[in-house]
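Take a look at the structure set out below.
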Amino acid sequence: MNNLIEKAEKFVEDLFKEKLPNTFIYHNYQHTQRVVKSTKELIDNSEINVKDKEALLLAAWLHDTGYIHAYKGHEEKSAEIAEGFLKENNATQDLIEKVKKLILVTNFSNTPTTPCEKIIRDADSSHFGKKYFEETSEFLRQELELHNIKNFTNSEWLQENIVVFTEKHKFYTNHAIEKWGPKKEENLLELI
């Protein structure tokens with residue numbers, strides 16, 4: 001692995017230890033590690049070039065750093081933090097722009113169009129197609145409550161998840177569709 005990616009990993013670990021409140025029980029270092037792991041899996045099962053691989057892994061590490069500043073609009077803050085970190089580490093302007101663009105596409109309201117955008121988006125939402133979905137879903141629910149964003153009753157949360165599964169979320173890469181799609185269907189059936 002290259003030095004810049006290792007630096008990003010250490011940077012994010014330290015940043016979250018020092019500045020991320022412990023009320024972030026879903027959007028935290030463990031979630032970031034899962035997104036990086038899923039990103040690597042998707043990269044290994046795609047045909048992207050080496051330069052794109054570096055941008056994707058940097059974006060995976062840095063994509064939620066903005067939570068230290070804001071809940072709503074954290075993607076923009078994450079892109080700013082990424083830009084600062086990358087400039088400090090002498091990254092090219094091209095790499096900085098790629099990473100920022102990838103971070104911004106993790107916002108559910110943005111539609112990924114390039115292969116790299118599809119990879120980062122699928123990696124960030126890979127939990128929908130994993131066996132630990134129920135656990136991570138409950139962490140997210142509690143986090144939303146702890147941050148006074150919304151308190152969901154059990155039935156409201158169930159309904160919210162069903163809507164996300166059926167209307168808002170989809171996998172974009174072939175690998176995610178083939179490998180995570182069946183478990184996503186199982187998870188949806190359990191919700192229903």
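Ligands are numbered from 1 in the order shown, residues from 1 within each chain, and chains are lettered A, B, ... in the order they appear in the structure tokens.
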
Select from segment 95-142 of chain A every residue with an atom at most 10 Å from any atom of segment 20-40 of chain A, then for each give the shortest pair of atoms and their distance in Å to one decimal, using only C-alpha atoms, rows by chain and rising number, as a Markdown table.
```
| residue | atom | partner | partner_atom | distance |
| --- | --- | --- | --- | --- |
| A:Cys116 | CA | A:Thr39 | CA | 9.7 |
| A:Ile119 | CA | A:Thr39 | CA | 6.5 |
| A:Ile120 | CA | A:Thr39 | CA | 6.3 |
| A:Arg121 | CA | A:Thr39 | CA | 9.1 |
| A:Asp122 | CA | A:Thr39 | CA | 8.0 |
| A:Ala123 | CA | A:Ser38 | CA | 4.9 |
| A:Asp124 | CA | A:Val35 | CA | 5.3 |
| A:Ser125 | CA | A:Val35 | CA | 8.0 |
| A:Ser126 | CA | A:Ser38 | CA | 6.9 |
| A:His127 | CA | A:Arg34 | CA | 8.6 |
| A:Glu135 | CA | A:Tyr26 | CA | 9.6 |
| A:Thr136 | CA | A:Tyr26 | CA | 6.6 |
| A:Ser137 | CA | A:Tyr26 | CA | 8.3 |
| A:Glu138 | CA | A:Tyr26 | CA | 8.6 |
| A:Phe139 | CA | A:Tyr26 | CA | 5.1 |
| A:Leu140 | CA | A:Tyr26 | CA | 5.2 |
| A:Arg141 | CA | A:Tyr26 | CA | 8.6 |
| A:Gln142 | CA | A:Ile25 | CA | 7.6 |
```

Deliver the residues from the most recent selection as a file, using N, CA, C and O atoms, as a short mmCIF file (atom, residue, chain, number, x, y, z; two decimals), in the first residue's frame.
```cif
data_model
loop_
_atom_site.label_atom_id
_atom_site.label_comp_id
_atom_site.auth_asym_id
_atom_site.auth_seq_id
_atom_site.Cartn_x
_atom_site.Cartn_y
_atom_site.Cartn_z
N CYS A 116 -15.63 4.71 -10.77
CA CYS A 116 -15.10 5.01 -9.43
C CYS A 116 -16.18 5.53 -8.49
O CYS A 116 -16.23 5.16 -7.31
N ILE A 119 -18.20 2.68 -7.30
CA ILE A 119 -17.48 1.87 -6.30
C ILE A 119 -17.59 2.50 -4.92
O ILE A 119 -17.95 1.83 -3.95
N ILE A 120 -17.29 3.79 -4.80
CA ILE A 120 -17.31 4.43 -3.47
C ILE A 120 -18.73 4.45 -2.91
O ILE A 120 -18.95 4.23 -1.72
N ARG A 121 -19.70 4.67 -3.76
CA ARG A 121 -21.10 4.70 -3.30
C ARG A 121 -21.54 3.32 -2.80
O ARG A 121 -22.15 3.19 -1.75
N ASP A 122 -21.20 2.27 -3.56
CA ASP A 122 -21.54 0.92 -3.13
C ASP A 122 -20.81 0.53 -1.85
O ASP A 122 -21.39 -0.10 -0.96
N ALA A 123 -19.55 0.93 -1.75
CA ALA A 123 -18.77 0.60 -0.55
C ALA A 123 -19.39 1.28 0.68
O ALA A 123 -19.50 0.66 1.75
N ASP A 124 -19.81 2.53 0.52
CA ASP A 124 -20.37 3.28 1.65
C ASP A 124 -21.71 2.70 2.10
O ASP A 124 -22.08 2.84 3.26
N SER A 125 -22.43 2.05 1.21
CA SER A 125 -23.72 1.49 1.59
C SER A 125 -23.71 -0.05 1.56
O SER A 125 -24.76 -0.68 1.47
N SER A 126 -22.53 -0.63 1.63
CA SER A 126 -22.41 -2.09 1.54
C SER A 126 -23.13 -2.81 2.67
O SER A 126 -23.56 -3.95 2.51
N HIS A 127 -23.32 -2.13 3.81
CA HIS A 127 -23.98 -2.78 4.95
C HIS A 127 -25.40 -3.27 4.63
O HIS A 127 -25.89 -4.19 5.26
N GLU A 135 -27.45 -4.83 13.02
CA GLU A 135 -26.65 -4.17 14.06
C GLU A 135 -26.31 -2.73 13.65
O GLU A 135 -26.49 -1.79 14.42
N THR A 136 -25.82 -2.55 12.41
CA THR A 136 -25.43 -1.21 11.98
C THR A 136 -26.66 -0.29 11.86
O THR A 136 -26.58 0.89 12.17
N SER A 137 -27.77 -0.87 11.47
CA SER A 137 -29.01 -0.10 11.36
C SER A 137 -29.42 0.45 12.73
O SER A 137 -29.81 1.61 12.86
N GLU A 138 -29.30 -0.38 13.74
CA GLU A 138 -29.65 0.05 15.10
C GLU A 138 -28.68 1.13 15.59
O GLU A 138 -29.08 2.09 16.24
N PHE A 139 -27.40 0.98 15.26
CA PHE A 139 -26.42 2.02 15.63
C PHE A 139 -26.79 3.35 14.99
O PHE A 139 -26.72 4.40 15.63
N LEU A 140 -27.18 3.32 13.72
CA LEU A 140 -27.56 4.55 13.02
C LEU A 140 -28.79 5.17 13.69
O LEU A 140 -28.84 6.38 13.91
N ARG A 141 -29.75 4.35 14.01
CA ARG A 141 -30.97 4.85 14.67
C ARG A 141 -30.63 5.56 15.98
O ARG A 141 -31.11 6.66 16.26
N GLN A 142 -29.79 4.92 16.79
CA GLN A 142 -29.38 5.52 18.07
C GLN A 142 -28.58 6.80 17.87
O GLN A 142 -28.74 7.76 18.62
#
```

With only C-alpha atoms as the counted atoms, please give the residues lying no more than 12 Å from segment 155-158 of chain A, apart from itself and same-chain residues fewer than 2 positions off, as a compact mmCIF listing (two decimals) with N, CA, C and O atoms, in the first residue's frame.
```txt
# COMPACT_ATOMS: atom_id res chain seq x y z
N GLU A 134 -28.46 -5.49 10.49
CA GLU A 134 -29.37 -5.18 11.60
C GLU A 134 -28.65 -4.39 12.71
O GLU A 134 -29.16 -3.41 13.23
N SER A 137 -27.77 -0.87 11.47
CA SER A 137 -29.01 -0.10 11.36
C SER A 137 -29.42 0.45 12.73
O SER A 137 -29.81 1.61 12.86
N GLU A 138 -29.30 -0.38 13.74
CA GLU A 138 -29.65 0.05 15.10
C GLU A 138 -28.68 1.13 15.59
O GLU A 138 -29.08 2.09 16.24
N PHE A 139 -27.40 0.98 15.26
CA PHE A 139 -26.42 2.02 15.63
C PHE A 139 -26.79 3.35 14.99
O PHE A 139 -26.72 4.40 15.63
N LEU A 140 -27.18 3.32 13.72
CA LEU A 140 -27.56 4.55 13.02
C LEU A 140 -28.79 5.17 13.69
O LEU A 140 -28.84 6.38 13.91
N ARG A 141 -29.75 4.35 14.01
CA ARG A 141 -30.97 4.85 14.67
C ARG A 141 -30.63 5.56 15.98
O ARG A 141 -31.11 6.66 16.26
N GLN A 142 -29.79 4.92 16.79
CA GLN A 142 -29.38 5.52 18.07
C GLN A 142 -28.58 6.80 17.87
O GLN A 142 -28.74 7.76 18.62
N LEU A 144 -28.82 8.93 15.36
CA LEU A 144 -29.76 9.99 14.97
C LEU A 144 -30.48 10.56 16.20
O LEU A 144 -30.70 11.76 16.30
N GLU A 145 -30.80 9.68 17.13
CA GLU A 145 -31.46 10.10 18.37
C GLU A 145 -30.49 10.92 19.25
O GLU A 145 -30.86 11.99 19.74
N LYS A 150 -33.58 12.83 14.81
CA LYS A 150 -34.91 12.24 14.77
C LYS A 150 -34.97 11.06 15.71
O LYS A 150 -34.03 10.28 15.79
N ASN A 151 -36.09 10.94 16.43
CA ASN A 151 -36.35 9.78 17.26
C ASN A 151 -37.37 8.91 16.54
O ASN A 151 -38.48 9.36 16.25
N PHE A 152 -36.99 7.69 16.23
CA PHE A 152 -37.88 6.77 15.54
C PHE A 152 -38.42 5.73 16.52
O PHE A 152 -37.65 5.18 17.31
N THR A 153 -39.71 5.47 16.45
CA THR A 153 -40.25 4.31 17.18
C THR A 153 -39.79 3.08 16.41
O THR A 153 -39.31 3.18 15.27
N GLU A 160 -39.01 3.17 7.75
CA GLU A 160 -37.93 3.97 7.16
C GLU A 160 -36.95 3.08 6.40
O GLU A 160 -36.54 3.37 5.28
N ASN A 161 -36.55 1.97 7.03
CA ASN A 161 -35.62 1.04 6.40
C ASN A 161 -36.20 0.40 5.15
O ASN A 161 -35.51 0.26 4.14
N ILE A 162 -37.47 0.03 5.20
CA ILE A 162 -38.13 -0.58 4.04
C ILE A 162 -38.14 0.41 2.88
O ILE A 162 -37.85 0.05 1.73
N VAL A 163 -38.45 1.67 3.17
CA VAL A 163 -38.46 2.71 2.13
C VAL A 163 -37.07 2.88 1.53
O VAL A 163 -36.90 2.96 0.31
N VAL A 164 -36.05 2.93 2.39
CA VAL A 164 -34.67 3.08 1.90
C VAL A 164 -34.30 1.89 1.00
O VAL A 164 -33.77 2.07 -0.10
N PHE A 165 -34.62 0.69 1.45
CA PHE A 165 -34.30 -0.52 0.68
C PHE A 165 -35.01 -0.56 -0.67
O PHE A 165 -34.43 -0.96 -1.66
N ASN A 187 -32.13 -9.34 3.81
CA ASN A 187 -32.31 -8.32 4.86
C ASN A 187 -33.64 -7.60 4.71
O ASN A 187 -34.33 -7.33 5.70
N LEU A 188 -34.02 -7.32 3.47
CA LEU A 188 -35.31 -6.67 3.21
C LEU A 188 -36.46 -7.59 3.63
O LEU A 188 -37.40 -7.15 4.27
N LEU A 189 -36.37 -8.86 3.27
CA LEU A 189 -37.42 -9.81 3.66
C LEU A 189 -37.58 -9.89 5.17
O LEU A 189 -38.69 -9.97 5.69
N GLU A 190 -36.46 -9.84 5.88
CA GLU A 190 -36.52 -9.86 7.35
C GLU A 190 -37.20 -8.61 7.87
O GLU A 190 -37.95 -8.66 8.86
N LEU A 191 -36.95 -7.47 7.22
CA LEU A 191 -37.60 -6.22 7.64
C LEU A 191 -39.12 -6.31 7.43
O LEU A 191 -39.90 -5.89 8.27
N ILE A 192 -39.51 -6.87 6.28
CA ILE A 192 -40.93 -6.95 5.94
C ILE A 192 -41.59 -8.00 6.83
O ILE A 192 -42.67 -7.78 7.37
```

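Counting only C-alpha atoms and comparing A:Lys100, A:Lys170, A:Glu88, A:Lys184, the residue that lies closest to Phe128 of chain A is A:Lys184.
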
TODO: Find the residues around Lys183 of chain A up to 8 Å (only C-alpha atoms counted), leave out those fewer than 2 positions away in its own chain, and share them as a ChimeraX atom specification.
DONE: /A:128-131,179-181,185-187

Kindly save the residues from that selection, with N, CA, C and O atoms included, as a PDB file, in the first residue's frame.
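Wrote again_30.pdb, looks like this:
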```
ATOM      1  N   PHE A 128     -26.037  -2.676   3.599  1.00  0.00           N
ATOM      2  CA  PHE A 128     -27.373  -3.145   3.209  1.00  0.00           C
ATOM      3  C   PHE A 128     -27.323  -4.601   2.756  1.00  0.00           C
ATOM      4  O   PHE A 128     -28.312  -5.309   2.877  1.00  0.00           O
ATOM      5  N   GLY A 129     -26.179  -5.016   2.227  1.00  0.00           N
ATOM      6  CA  GLY A 129     -26.041  -6.377   1.727  1.00  0.00           C
ATOM      7  C   GLY A 129     -25.108  -7.236   2.554  1.00  0.00           C
ATOM      8  O   GLY A 129     -24.470  -8.151   2.045  1.00  0.00           O
ATOM      9  N   LYS A 130     -25.032  -6.936   3.852  1.00  0.00           N
ATOM     10  CA  LYS A 130     -24.138  -7.700   4.735  1.00  0.00           C
ATOM     11  C   LYS A 130     -24.922  -8.304   5.905  1.00  0.00           C
ATOM     12  O   LYS A 130     -25.999  -7.845   6.268  1.00  0.00           O
ATOM     13  N   LYS A 131     -24.313  -9.318   6.519  1.00  0.00           N
ATOM     14  CA  LYS A 131     -25.004  -9.992   7.626  1.00  0.00           C
ATOM     15  C   LYS A 131     -25.100  -9.107   8.872  1.00  0.00           C
ATOM     16  O   LYS A 131     -25.928  -9.332   9.739  1.00  0.00           O
ATOM     17  N   LYS A 179     -22.781  -9.972  -5.511  1.00  0.00           N
ATOM     18  CA  LYS A 179     -22.311 -10.518  -4.231  1.00  0.00           C
ATOM     19  C   LYS A 179     -23.107 -10.025  -3.019  1.00  0.00           C
ATOM     20  O   LYS A 179     -23.280 -10.750  -2.060  1.00  0.00           O
ATOM     21  N   TRP A 180     -23.540  -8.775  -3.042  1.00  0.00           N
ATOM     22  CA  TRP A 180     -24.231  -8.214  -1.883  1.00  0.00           C
ATOM     23  C   TRP A 180     -25.741  -8.129  -2.082  1.00  0.00           C
ATOM     24  O   TRP A 180     -26.493  -8.039  -1.133  1.00  0.00           O
ATOM     25  N   GLY A 181     -26.165  -8.151  -3.358  1.00  0.00           N
ATOM     26  CA  GLY A 181     -27.588  -8.052  -3.675  1.00  0.00           C
ATOM     27  C   GLY A 181     -28.450  -9.126  -3.029  1.00  0.00           C
ATOM     28  O   GLY A 181     -29.486  -8.818  -2.422  1.00  0.00           O
ATOM     29  N   GLU A 185     -31.521  -8.557  -0.340  1.00  0.00           N
ATOM     30  CA  GLU A 185     -32.887  -9.078  -0.479  1.00  0.00           C
ATOM     31  C   GLU A 185     -33.323  -9.815   0.783  1.00  0.00           C
ATOM     32  O   GLU A 185     -34.452  -9.643   1.256  1.00  0.00           O
ATOM     33  N   GLU A 186     -32.428 -10.629   1.326  1.00  0.00           N
ATOM     34  CA  GLU A 186     -32.720 -11.347   2.587  1.00  0.00           C
ATOM     35  C   GLU A 186     -32.993 -10.357   3.712  1.00  0.00           C
ATOM     36  O   GLU A 186     -33.939 -10.528   4.489  1.00  0.00           O
ATOM     37  N   ASN A 187     -32.135  -9.342   3.813  1.00  0.00           N
ATOM     38  CA  ASN A 187     -32.307  -8.319   4.855  1.00  0.00           C
ATOM     39  C   ASN A 187     -33.641  -7.602   4.707  1.00  0.00           C
ATOM     40  O   ASN A 187     -34.329  -7.330   5.695  1.00  0.00           O
TER      41      ASN A 187
END
```

Task: Backbone-only DSSP, alpha helix (DSSP H) members of segment 82-173 of chain A, as an MDAnalysis selection string - done: chainID A and resid 82:88 93:104 115:124 133:146 154:163

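Separating atom CA of Glu178 of chain A from atom CA of Ser109 of chain A is a distance of 23.7 Å.
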
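Taking only C-alpha atoms into account, Leu102 of chain A lies nearest to A:Ser78 out of the set A:Asn174, A:Asn154, A:Asn148, A:Ser78.
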
- [ ] Just give me the gap between atom CA of Lys87 of chain A and atom CA of Tyr67 of chain A in Å, one decimal is fine.
- [x] 20.3 Å

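The shortest atom-to-atom distance to Ile149 of chain A, with only C-alpha atoms taken into account, belongs to A:Ala70 out of A:Val105, A:Ala91, A:Ala79, A:Ala70.
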